[in-house]
$ cat entry-v4.txt   # compact mmCIF, C-alpha atoms
# COMPACT_ATOMS: atom_id res chain seq x y z
CA MET A 151 283.38 115.68 67.13
CA SER A 152 280.52 117.27 69.08
CA ALA A 153 280.24 120.99 69.81
CA ASP A 154 281.20 120.23 73.40
CA ASN A 155 284.55 118.84 72.21
CA ILE A 156 285.52 121.84 70.07
CA PRO A 157 288.30 123.74 71.85
CA THR A 158 288.19 127.46 72.44
CA THR A 159 291.73 128.08 71.17
CA MET A 160 293.80 126.62 68.35
CA ALA A 161 297.21 126.61 66.73
CA ALA A 162 297.62 128.95 63.75
CA MET A 163 300.33 130.70 61.78
CA LEU A 164 299.76 134.45 61.88
CA LEU A 165 301.05 136.83 59.23
CA THR A 166 301.87 139.90 61.29
CA GLY A 167 302.85 142.29 58.48
CA HIS A 168 304.54 142.59 55.08
CA GLY A 169 308.06 141.20 55.09
CA GLY A 170 310.13 138.05 55.15
CA THR A 171 309.30 134.74 56.78
CA ASP A 172 310.05 136.29 60.18
CA SER A 173 306.66 138.01 59.82
CA LEU A 174 305.05 134.56 60.21
CA VAL A 175 304.40 133.84 63.89
CA TYR A 176 303.19 130.46 65.17
CA ARG A 177 300.70 130.72 68.02
CA GLU A 178 298.76 128.10 69.97
CA ASP A 179 296.32 130.46 71.71
CA VAL A 180 294.36 131.81 68.74
CA PRO A 181 290.56 131.82 69.30
CA VAL A 182 288.65 129.17 67.37
CA PRO A 183 286.17 130.91 65.03
CA HIS A 184 282.42 130.41 65.43
CA PRO A 185 280.35 129.51 62.35
CA GLY A 186 277.91 132.30 61.55
CA PRO A 187 274.59 131.97 59.71
CA GLY A 188 275.06 129.88 56.57
CA GLN A 189 278.56 128.80 57.61
CA VAL A 190 280.25 125.60 58.71
CA LEU A 191 283.18 125.19 61.06
CA VAL A 192 285.86 123.01 59.47
CA LYS A 193 288.61 121.13 61.30
CA VAL A 194 291.52 121.61 58.92
CA THR A 195 293.53 118.57 57.86
CA ALA A 196 295.53 120.02 54.94
CA THR A 197 295.95 123.35 53.12
CA ALA A 198 297.93 123.80 49.92
CA LYS A 199 300.55 126.55 49.77
CA ASN A 200 300.34 128.91 46.81
CA ASN A 201 302.72 131.47 45.38
CA THR A 202 300.14 134.14 46.17
CA ASP A 203 300.81 133.51 49.89
CA ARG A 204 304.40 134.63 49.43
CA LYS A 205 303.46 137.56 47.19
CA ALA A 206 300.88 138.86 49.65
CA ARG A 207 303.32 138.47 52.53
CA GLU A 208 306.10 140.32 50.72
CA GLY A 209 303.78 142.97 49.26
CA LEU A 210 304.47 142.01 45.65
CA TYR A 211 301.20 143.03 44.01
CA PRO A 212 302.09 146.44 42.55
CA THR A 213 299.83 148.01 39.97
CA ARG A 214 302.59 150.20 38.53
CA GLU A 215 306.21 149.60 37.64
CA ARG A 216 307.46 151.50 40.68
CA GLY A 217 305.34 149.38 42.98
CA GLU A 218 303.31 151.95 44.94
CA VAL A 219 300.66 149.38 45.81
CA THR A 220 301.59 146.47 48.06
CA SER A 221 298.24 144.68 48.33
CA PHE A 222 295.50 144.54 45.74
CA ALA A 223 292.23 146.27 46.60
CA MET A 224 289.71 145.29 43.93
CA GLY A 225 286.75 146.38 46.05
CA GLY A 226 288.14 149.90 46.53
CA ALA A 227 290.01 149.41 49.80
CA PRO A 228 292.73 146.99 50.97
CA THR A 229 291.32 143.86 52.62
CA LEU A 230 294.61 142.37 53.80
CA THR A 231 294.88 143.43 57.43
CA PHE A 232 297.15 142.08 60.14
CA PRO A 233 297.32 139.71 61.82
CA ARG A 234 296.02 137.44 59.07
CA ILE A 235 295.92 133.64 58.78
CA GLN A 236 296.88 132.77 55.20
CA GLY A 237 296.12 129.58 53.27
CA ALA A 238 293.43 129.33 50.57
CA ASP A 239 293.12 125.70 49.47
CA VAL A 240 291.58 124.13 52.55
CA VAL A 241 290.59 120.51 53.12
CA GLY A 242 289.05 119.22 56.31
CA ARG A 243 285.92 117.95 58.00
CA VAL A 244 282.82 119.81 59.13
CA VAL A 245 282.58 119.79 62.93
CA ALA A 246 279.83 122.36 63.52
CA ALA A 247 277.04 124.03 61.54
CA GLY A 248 275.86 127.60 61.82
CA GLU A 249 272.28 128.84 61.74
CA GLY A 250 270.40 127.69 58.66
CA VAL A 251 272.84 124.87 57.80
CA ASP A 252 271.76 121.23 57.91
CA SER A 253 273.47 119.55 60.86
CA GLY A 254 273.72 116.45 58.69
CA ARG A 255 276.77 118.04 57.10
CA ILE A 256 278.77 117.44 60.28
CA GLY A 257 281.41 114.82 59.54
CA GLU A 258 281.65 115.56 55.80
CA ARG A 259 285.08 115.89 54.22
CA GLY A 260 285.33 118.72 51.76
CA LEU A 261 287.37 121.18 49.70
CA LEU A 262 286.93 124.95 49.95
CA ASP A 263 286.10 127.21 47.03
CA PHE A 264 288.56 129.86 48.21
CA ASN A 265 286.86 132.97 46.80
CA LEU A 266 285.29 135.77 48.79
CA TYR A 267 282.49 136.48 46.35
CA ALA A 268 281.08 140.00 46.37
CA ASP A 269 277.61 138.82 45.24
CA ALA A 270 275.66 135.71 44.34
CA ARG A 271 276.38 135.81 40.59
CA ARG A 272 277.54 132.47 39.26
CA ASP A 273 278.99 133.56 35.92
CA ILE A 274 281.34 136.41 36.83
CA ASN A 275 283.71 137.51 39.61
CA LEU A 276 284.82 141.11 39.15
CA THR A 277 286.32 141.81 42.59
CA PRO A 278 288.42 138.74 43.34
CA ASP A 279 289.46 138.30 46.95
CA TYR A 280 290.02 135.12 48.88
CA TYR A 281 290.37 133.26 52.14
CA GLY A 282 293.90 133.86 53.39
CA HIS A 283 293.88 137.47 52.15
CA GLY A 284 290.59 139.25 52.82
CA ALA A 285 289.56 136.77 55.53
CA ASP A 286 291.40 134.20 57.63
CA GLY A 287 292.43 131.05 55.80
CA GLY A 288 293.52 127.51 56.49
CA PHE A 289 297.00 127.75 58.04
CA ALA A 290 295.28 126.90 61.31
CA GLU A 291 293.44 124.06 62.99
CA TYR A 292 289.95 125.46 62.32
CA ILE A 293 288.25 127.75 59.82
CA ALA A 294 284.66 129.03 59.42
CA VAL A 295 283.47 129.24 55.79
CA PRO A 296 280.21 129.47 53.80
CA SER A 297 278.48 126.12 53.70
CA ASP A 298 277.79 126.34 49.96
CA GLN A 299 281.49 126.92 49.24
CA PHE A 300 282.71 123.90 51.18
CA HIS A 301 282.20 121.11 48.65
CA ARG A 302 281.92 117.50 49.76
CA VAL A 303 284.58 115.26 48.20
CA ASP A 304 284.61 111.77 49.66
CA ASN A 305 286.73 109.91 47.08
CA PRO A 306 288.45 107.30 49.28
CA GLU A 307 291.47 107.04 46.98
CA LEU A 308 292.37 110.69 47.57
CA ALA A 309 294.23 111.42 50.80
CA ASP A 310 293.45 114.80 52.38
CA ALA A 311 296.86 116.21 51.41
CA GLU A 312 296.33 115.05 47.82
CA LEU A 313 292.88 116.63 47.71
CA ALA A 314 294.35 119.92 48.96
CA SER A 315 296.83 119.85 46.07
CA LEU A 316 293.80 119.95 43.74
CA GLY A 317 292.69 123.20 45.37
CA MET A 318 290.83 126.01 43.66
CA CYS A 319 293.56 128.64 43.81
CA SER A 320 295.47 126.83 41.07
CA TYR A 321 292.77 124.84 39.31
CA GLN A 322 290.09 127.52 39.19
CA THR A 323 292.62 130.08 37.98
CA GLY A 324 293.78 127.66 35.28
CA TYR A 325 290.25 126.80 34.23
CA HIS A 326 289.26 130.47 34.05
CA MET A 327 292.29 131.12 31.83
CA LEU A 328 290.90 128.56 29.41
CA THR A 329 287.26 129.68 29.57
CA ALA A 330 288.15 133.37 29.24
CA ALA A 331 290.03 132.59 26.03
CA GLY A 332 287.24 130.31 24.80
CA VAL A 333 289.57 127.36 24.30
CA GLN A 334 287.84 124.50 22.50
CA ALA A 335 288.50 120.82 21.97
CA GLY A 336 291.25 120.17 19.44
CA GLU A 337 292.98 123.53 19.92
CA ARG A 338 296.71 123.75 20.63
CA VAL A 339 297.49 125.48 23.92
CA LEU A 340 300.91 126.68 25.11
CA VAL A 341 301.22 126.37 28.90
CA THR A 342 304.02 128.38 30.51
CA GLY A 343 305.31 127.70 34.03
CA ALA A 344 304.11 124.17 33.44
CA SER A 345 305.70 122.52 36.48
CA GLY A 346 303.97 124.73 39.07
CA GLY A 347 300.52 124.46 40.61
CA VAL A 348 298.60 126.35 37.90
CA GLY A 349 300.74 124.86 35.13
CA THR A 350 300.17 121.23 36.13
CA ALA A 351 296.48 122.08 36.57
CA LEU A 352 296.32 123.57 33.06
CA ILE A 353 297.84 120.49 31.46
CA GLN A 354 295.15 118.30 32.99
CA LEU A 355 292.35 120.79 32.33
CA CYS A 356 293.30 121.00 28.66
CA ARG A 357 292.93 117.24 28.39
CA ALA A 358 289.64 117.37 30.31
CA ILE A 359 288.12 119.67 27.66
CA GLY A 360 289.87 117.98 24.73
CA ALA A 361 292.51 120.65 24.02
CA ILE A 362 296.18 119.80 23.34
CA PRO A 363 298.67 121.23 25.86
CA TYR A 364 302.28 122.08 24.98
CA ALA A 365 304.29 122.68 28.15
CA VAL A 366 307.10 125.21 28.69
CA SER A 367 309.47 124.05 31.43
CA GLN A 368 312.90 122.64 32.19
CA PRO A 369 314.20 119.50 30.43
CA GLY A 370 314.54 117.64 33.73
CA LYS A 371 310.79 117.84 34.26
CA ALA A 372 309.83 116.75 30.75
CA GLN A 373 309.05 113.12 31.50
CA ALA A 374 306.78 113.94 34.44
CA LEU A 375 304.91 116.55 32.40
CA LEU A 376 304.49 114.16 29.47
CA GLU A 377 303.05 111.57 31.84
CA LEU A 378 300.69 114.22 33.20
CA GLY A 379 299.33 114.86 29.70
CA ALA A 380 301.58 117.33 27.88
CA GLU A 381 301.82 116.71 24.15
CA ALA A 382 305.41 118.01 24.16
CA VAL A 383 307.70 119.91 26.54
CA LEU A 384 309.59 122.98 25.29
CA ASP A 385 312.81 124.05 27.01
CA ARG A 386 312.50 127.65 28.17
CA SER A 387 316.25 128.23 28.55
CA ASP A 388 316.95 129.26 24.93
CA MET A 389 314.28 131.63 23.66
CA SER A 390 316.22 132.48 20.48
CA THR A 391 315.03 129.22 18.89
CA PHE A 392 311.78 128.90 20.81
CA VAL A 393 309.36 129.54 17.96
CA GLU A 394 311.18 127.10 15.69
CA ARG A 395 311.00 124.40 18.35
CA VAL A 396 307.29 125.03 18.88
CA ARG A 397 306.72 124.74 15.11
CA ALA A 398 308.57 121.44 15.09
CA ALA A 399 306.46 120.14 17.96
CA THR A 400 303.14 121.21 16.39
CA GLY A 401 303.91 120.10 12.84
CA ASP A 402 304.37 123.72 11.72
CA ARG A 403 300.92 124.75 12.94
CA PRO A 404 300.46 127.88 15.09
CA ILE A 405 299.49 127.73 18.73
CA ASP A 406 295.81 128.65 19.14
CA ALA A 407 296.02 130.08 22.66
CA VAL A 408 298.76 130.85 25.20
CA MET A 409 298.22 130.41 28.94
CA ASP A 410 300.91 132.73 30.31
CA LEU A 411 302.09 132.62 33.91
CA ALA A 412 305.47 134.23 33.18
CA GLY A 413 305.07 137.71 31.70
CA GLY A 414 308.19 139.85 31.39
CA GLU A 415 310.21 139.63 28.19
CA LEU A 416 308.98 136.07 27.55
CA THR A 417 305.43 137.10 26.63
CA ASP A 418 306.49 138.54 23.27
CA HIS A 419 308.05 135.19 22.32
CA PHE A 420 304.87 133.38 23.33
CA ILE A 421 302.83 135.67 21.07
CA ASP A 422 305.18 134.77 18.21
CA THR A 423 304.08 131.14 18.44
CA MET A 424 300.52 132.17 17.53
CA ILE A 425 301.05 134.57 14.62
CA PHE A 426 303.81 133.14 12.42
CA ASP A 427 301.20 131.90 9.89
CA MET A 428 297.83 133.62 10.22
CA ARG A 429 296.51 131.81 7.13
CA ALA A 430 296.72 128.53 9.03
CA ARG A 431 294.59 129.80 11.89
CA ARG A 432 290.93 128.94 12.48
CA THR A 433 290.33 131.50 15.23
CA TYR A 434 291.86 134.67 16.66
CA PRO A 435 295.15 134.32 18.58
CA ARG A 436 294.41 134.47 22.32
CA LEU A 437 296.62 135.15 25.34
CA SER A 438 295.41 134.57 28.90
CA ILE A 439 297.78 135.90 31.54
CA ALA A 440 297.54 135.14 35.25
CA GLY A 441 301.07 135.68 36.52
CA ALA A 442 304.26 137.64 36.11
CA SER A 443 306.96 135.34 37.49
CA ALA A 444 309.42 136.46 34.78
CA GLY A 445 308.73 140.18 35.21
CA ASN A 446 305.93 142.65 35.83
CA VAL A 447 306.67 144.74 32.73
CA SER A 448 306.65 143.49 29.12
CA GLU A 449 307.70 145.36 25.99
CA ILE A 450 305.19 144.52 23.27
CA MET A 451 304.53 146.37 20.01
CA TRP A 452 300.84 147.26 19.98
CA THR A 453 300.88 147.25 16.19
CA ARG A 454 301.51 143.51 16.38
CA ILE A 455 298.58 143.10 18.75
CA TYR A 456 295.99 144.91 16.66
CA LEU A 457 297.25 143.98 13.19
CA TYR A 458 297.36 140.29 14.11
CA GLN A 459 294.15 140.67 16.18
CA VAL A 460 295.64 139.13 19.31
CA ARG A 461 293.09 138.97 22.11
CA ILE A 462 294.45 139.39 25.64
CA PHE A 463 292.65 138.25 28.79
CA GLY A 464 293.78 139.15 32.28
CA VAL A 465 292.72 136.39 34.67
CA SER A 466 292.43 136.31 38.45
CA HIS A 467 290.44 133.56 40.20
CA GLY A 468 287.19 132.40 38.59
CA THR A 469 283.46 131.90 39.03
CA ARG A 470 281.09 129.77 41.08
CA GLU A 471 280.14 127.84 37.94
CA GLU A 472 283.78 126.99 37.25
CA ALA A 473 284.35 125.92 40.86
CA GLU A 474 281.42 123.52 40.67
CA GLN A 475 282.67 122.04 37.39
CA LEU A 476 286.09 121.46 38.94
CA VAL A 477 284.56 119.71 41.94
CA ALA A 478 282.60 117.47 39.56
CA TRP A 479 285.81 116.54 37.74
CA ILE A 480 287.59 115.84 41.04
CA ARG A 481 284.73 113.65 42.24
CA GLY A 482 284.75 111.84 38.90
CA GLY A 483 288.50 111.22 38.99
CA GLN A 484 289.29 113.23 35.84
CA LEU A 485 291.89 115.31 37.69
CA ARG A 486 294.81 113.78 39.54
CA PRO A 487 296.80 115.30 42.39
CA VAL A 488 300.36 116.52 41.84
CA LEU A 489 301.64 116.68 45.41
CA HIS A 490 305.32 117.45 45.89
CA ALA A 491 305.55 117.34 49.69
CA ALA A 492 303.82 118.10 52.98
CA PHE A 493 305.14 120.30 55.81
CA ARG A 494 303.94 120.74 59.37
CA LEU A 495 302.08 123.97 60.07
CA SER A 496 304.69 124.94 62.66
CA HIS A 497 307.32 124.57 59.89
CA LEU A 498 305.62 126.96 57.46
CA ARG A 499 308.67 129.23 57.41
CA GLU A 500 310.78 126.29 56.23
CA ALA A 501 308.15 125.45 53.61
CA GLU A 502 308.27 129.02 52.29
CA ASP A 503 312.07 128.95 52.07
CA TYR A 504 311.97 125.56 50.36
CA PHE A 505 309.44 126.86 47.81
CA VAL A 506 311.55 129.91 46.95
CA HIS A 507 314.73 127.83 46.55
CA ARG A 508 313.08 124.73 45.11
CA GLY A 509 315.27 122.54 42.96
CA SER A 510 314.92 121.07 39.50
CA ASP A 511 312.91 118.12 40.84
CA TYR A 512 310.05 120.34 42.06
CA LEU A 513 306.67 119.57 40.52
CA GLY A 514 303.18 120.41 41.71
CA LYS A 515 302.15 121.64 45.15
CA ILE A 516 303.34 121.86 48.74
CA VAL A 517 300.70 121.15 51.37
CA ILE A 518 300.66 122.38 54.98
CA VAL A 519 299.24 120.06 57.66
CA PRO A 520 298.42 121.11 61.25
CA ASP A 521 300.82 119.53 63.73
CA SER A 522 297.88 117.87 65.48
CA GLU A 523 296.97 116.17 62.17
CA TRP A 524 300.50 115.38 61.04
CA ASP A 525 300.62 111.67 61.82
CA ALA A 526 297.28 111.03 60.15
CA HIS A 527 297.52 113.31 57.12
CA GLY A 528 301.05 114.61 56.59
CA ALA A 529 303.83 112.26 57.65
CA ARG A 530 303.73 109.95 54.62
CA PHE A 531 304.11 112.90 52.26
CA ALA A 532 307.09 114.48 54.04
CA LEU A 533 310.39 115.09 52.31
CA GLU A 534 313.14 112.59 53.01
CA GLY A 535 314.72 113.42 56.37
CA GLN A 536 311.82 115.64 57.43
CA SER A 537 310.09 114.75 60.70
$ encode --input "entry-v4.txt" --output "structure tokens"
Amino acid sequence: MSADNIPTTMAAMLLTGHGGTDSLVYREDVPVPHPGPGQVLVKVTATAKNNTDRKAREGLYPTRERGEVTSFAMGGAPTLTFPRIQGADVVGRVVAAGEGVDSGRIGERGLLDFNLYADARRDINLTPDYYGHGADGGFAEYIAVPSDQFHRVDNPELADAELASLGMCSYQTGYHMLTAAGVQAGERVLVTGASGGVGTALIQLCRAIGAIPYAVSQPGKAQALLELGAEAVLDRSDMSTFVERVRAATGDRPIDAVMDLAGGELTDHFIDTMIFDMRARRTYPRLSIAGASAGNVSEIMWTRIYLYQVRIFGVSHGTREEAEQLVAWIRGGQLRPVLHAAFRLSHLREAEDYFVHRGSDYLGKIVIVPDSEWDAHGARFALEGQS
């Protein structure tokens, strides 16, 4: 596509304010962005949907129990303004290059590192914000992004929708959970919320670094999670016997590190799996937490934390170094897509409702495809009966 063929307007789904799915408005007259210095303009072919899209829309990022804060503001002021185009995990093709960018990049297929980095540091990210929150994202036909954050991935065996399901929002978060806790090869890792985007990413990432993942999920998803790489799958429905079942699965050895996406009253049980026999441990017990799907408030005895020397890591997003490692693994085929279904961009409301009320067969990610790209990149991944 030449610059002369790039339209001036595009289709996009606009988030017009905090609220239900009625706050999502589909428009076909949204101005196409122009790539600035150091940026590329990407024609979007697929964007993965993440739970953070729903949370940001509904204003579910409180910093206190009573929920005074409705949108996180790590840089000191809220960056989510309306209207906003959501969608972080963007796949597409470069169609124009801004000043200072090699025009040879035009035509490349790539995957976006979704972070809005506050500085050029590669090893740390203290003020995490992202495309789809602090800047317009990929629920549109075009997006302008930094050239160095749009990573070429030309694996022919990966369809665009499948590549989007490997997006950074889940995989970089999962990887940073592991690196923050210093997880090493051979260590036993408990993965909660194992059937979701971050959970399925964590199972694969554990195997990529040589760790042993134990998944917490529903029995109906056990076979799929075992095939993905889980050493064992623990039923979350009966927590009264949870520690005993973990001990049976590990051969009576404690879990080395917990990757917690649940929070709430479950976190205390997860800690129990690490401290039942401290003499059998080789390292400190570690808990990385990057979600609160089971509750935003947990009751934990601090005496247990300091006496058992449990180390807790709060995780949000990740670093440039981690993003580049993930892209290398994707290019090398070490990570495989877990794509549940694709929806048209104009059907994003239906996709949100489906995600909230997803059934026991749900595994992996939902991907949103622009209507203009549906036949090429979305139709074969649609749910049965979906047009």
$ atom_distance --input "entry-v4.txt" --atom1 "atom CA of Arg395 of chain A" --atom2 "atom CA of Val383 of chain A"
9.9 Å
$ closest_atom_pairs --input "entry-v4.txt" --of "segment 307-404 of chain A" --to "segment 278-284 of chain A" --cutoff "12 Å" --atoms "all atoms listed in the file" --output "CSV"
residue,atom,partner,partner_atom,distance
A:Met318,CA,A:Tyr280,CA,10.5
A:Cys319,CA,A:Tyr280,CA,9.0
A:Thr323,CA,A:Pro278,CA,11.0
$ write_last_selection --input "entry-v4.txt" --atoms "C-alpha atoms" --output "PDB file, in the coordinates of the input"
ATOM      1  CA  MET A 318     290.830 126.010  43.660  1.00  0.00           C
ATOM      2  CA  CYS A 319     293.560 128.640  43.810  1.00  0.00           C
ATOM      3  CA  THR A 323     292.620 130.080  37.980  1.00  0.00           C
TER       4      THR A 323
END
$ atom_distance --input "entry-v4.txt" --atom1 "atom CA of Gly170 of chain A" --atom2 "atom CA of Glu208 of chain A"
6.4 Å
$ residues_around --input "entry-v4.txt" --residues "Asp273 of chain A" --least-positions-apart "2" --cutoff "7 Å" --atoms "all atoms listed in the file" --output "PyMOL selection string"
chain A and resi 271+469-471
$ residues_around --input "entry-v4.txt" --residues "segment 484-487 of chain A" --least-positions-apart "4" --cutoff "6 Å" --atoms "all atoms listed in the file" --output "MDAnalysis selection string"
chainID A and resid 312 315:316 479:480
$ closest_residue --input "entry-v4.txt" --among "A:Thr171, A:Ser537, A:Thr195, A:Thr158" --to "Leu313 of chain A" --atoms "all atoms listed in the file"
A:Thr195
$ closest_residue --input "entry-v4.txt" --among "A:Arg436, A:Arg338, A:Arg481, A:Arg431" --to "Ile462 of chain A" --atoms "only C-alpha atoms"
A:Arg436
$ residues_around --input "entry-v4.txt" --residues "segment 258-264 of chain A" --least-positions-apart "3" --cutoff "9 Å" --atoms "all atoms listed in the file" --output "compact mmCIF listing (two decimals) with C-alpha atoms, in the coordinates of the input"
# COMPACT_ATOMS: atom_id res chain seq x y z
CA VAL A 192 285.86 123.01 59.47
CA ALA A 238 293.43 129.33 50.57
CA ASP A 239 293.12 125.70 49.47
CA VAL A 240 291.58 124.13 52.55
CA VAL A 241 290.59 120.51 53.12
CA GLY A 242 289.05 119.22 56.31
CA ARG A 243 285.92 117.95 58.00
CA VAL A 244 282.82 119.81 59.13
CA VAL A 245 282.58 119.79 62.93
CA GLY A 254 273.72 116.45 58.69
CA ARG A 255 276.77 118.04 57.10
CA ASP A 279 289.46 138.30 46.95
CA TYR A 280 290.02 135.12 48.88
CA TYR A 281 290.37 133.26 52.14
CA GLY A 282 293.90 133.86 53.39
CA GLY A 287 292.43 131.05 55.80
CA VAL A 295 283.47 129.24 55.79
CA PRO A 296 280.21 129.47 53.80
CA ASP A 298 277.79 126.34 49.96
CA GLN A 299 281.49 126.92 49.24
CA PHE A 300 282.71 123.90 51.18
CA HIS A 301 282.20 121.11 48.65
CA ARG A 302 281.92 117.50 49.76
CA VAL A 303 284.58 115.26 48.20
CA ASP A 304 284.61 111.77 49.66
CA ASP A 310 293.45 114.80 52.38
CA LEU A 313 292.88 116.63 47.71
CA ALA A 314 294.35 119.92 48.96
CA LEU A 316 293.80 119.95 43.74
CA GLY A 317 292.69 123.20 45.37
CA MET A 318 290.83 126.01 43.66
CA CYS A 319 293.56 128.64 43.81
CA GLN A 322 290.09 127.52 39.19
CA ARG A 470 281.09 129.77 41.08
CA ALA A 473 284.35 125.92 40.86
CA GLU A 474 281.42 123.52 40.67
CA VAL A 477 284.56 119.71 41.94
$ residues_around --input "entry-v4.txt" --residues "Val175 of chain A" --least-positions-apart "3" --cutoff "7 Å" --atoms "all atoms listed in the file" --output "ChimeraX atom specification"
/A:163-165
$ decode --input "entry-v4.txt" --residues "segment 440-466 of chain A" --atoms "C-alpha atoms" --output "tab-separated table (two decimals), in the first residue's frame"
chain	number	residue	atom	x	y	z
A	440	ALA	CA	-0.53	-9.62	38.76
A	441	GLY	CA	-4.29	-9.89	39.16
A	442	ALA	CA	-7.17	-9.95	41.59
A	443	SER	CA	-9.90	-11.87	39.77
A	444	ALA	CA	-10.98	-13.57	43.03
A	445	GLY	CA	-11.02	-10.37	45.08
A	446	ASN	CA	-9.13	-7.13	45.62
A	447	VAL	CA	-8.65	-7.67	49.36
A	448	SER	CA	-6.85	-10.63	50.98
A	449	GLU	CA	-6.59	-11.47	54.67
A	450	ILE	CA	-3.04	-12.64	55.33
A	451	MET	CA	-1.22	-12.90	58.66
A	452	TRP	CA	1.95	-10.83	58.34
A	453	THR	CA	3.62	-13.02	60.95
A	454	ARG	CA	3.44	-15.85	58.44
A	455	ILE	CA	5.01	-13.66	55.78
A	456	TYR	CA	8.02	-12.52	57.79
A	457	LEU	CA	8.59	-15.67	59.86
A	458	TYR	CA	8.53	-17.85	56.74
A	459	GLN	CA	10.39	-15.14	54.77
A	460	VAL	CA	7.85	-15.06	51.94
A	461	ARG	CA	8.86	-12.59	49.26
A	462	ILE	CA	6.01	-10.80	47.46
A	463	PHE	CA	6.32	-9.13	44.06
A	464	GLY	CA	3.64	-6.93	42.56
A	465	VAL	CA	3.84	-7.15	38.77
A	466	SER	CA	2.40	-4.95	36.05
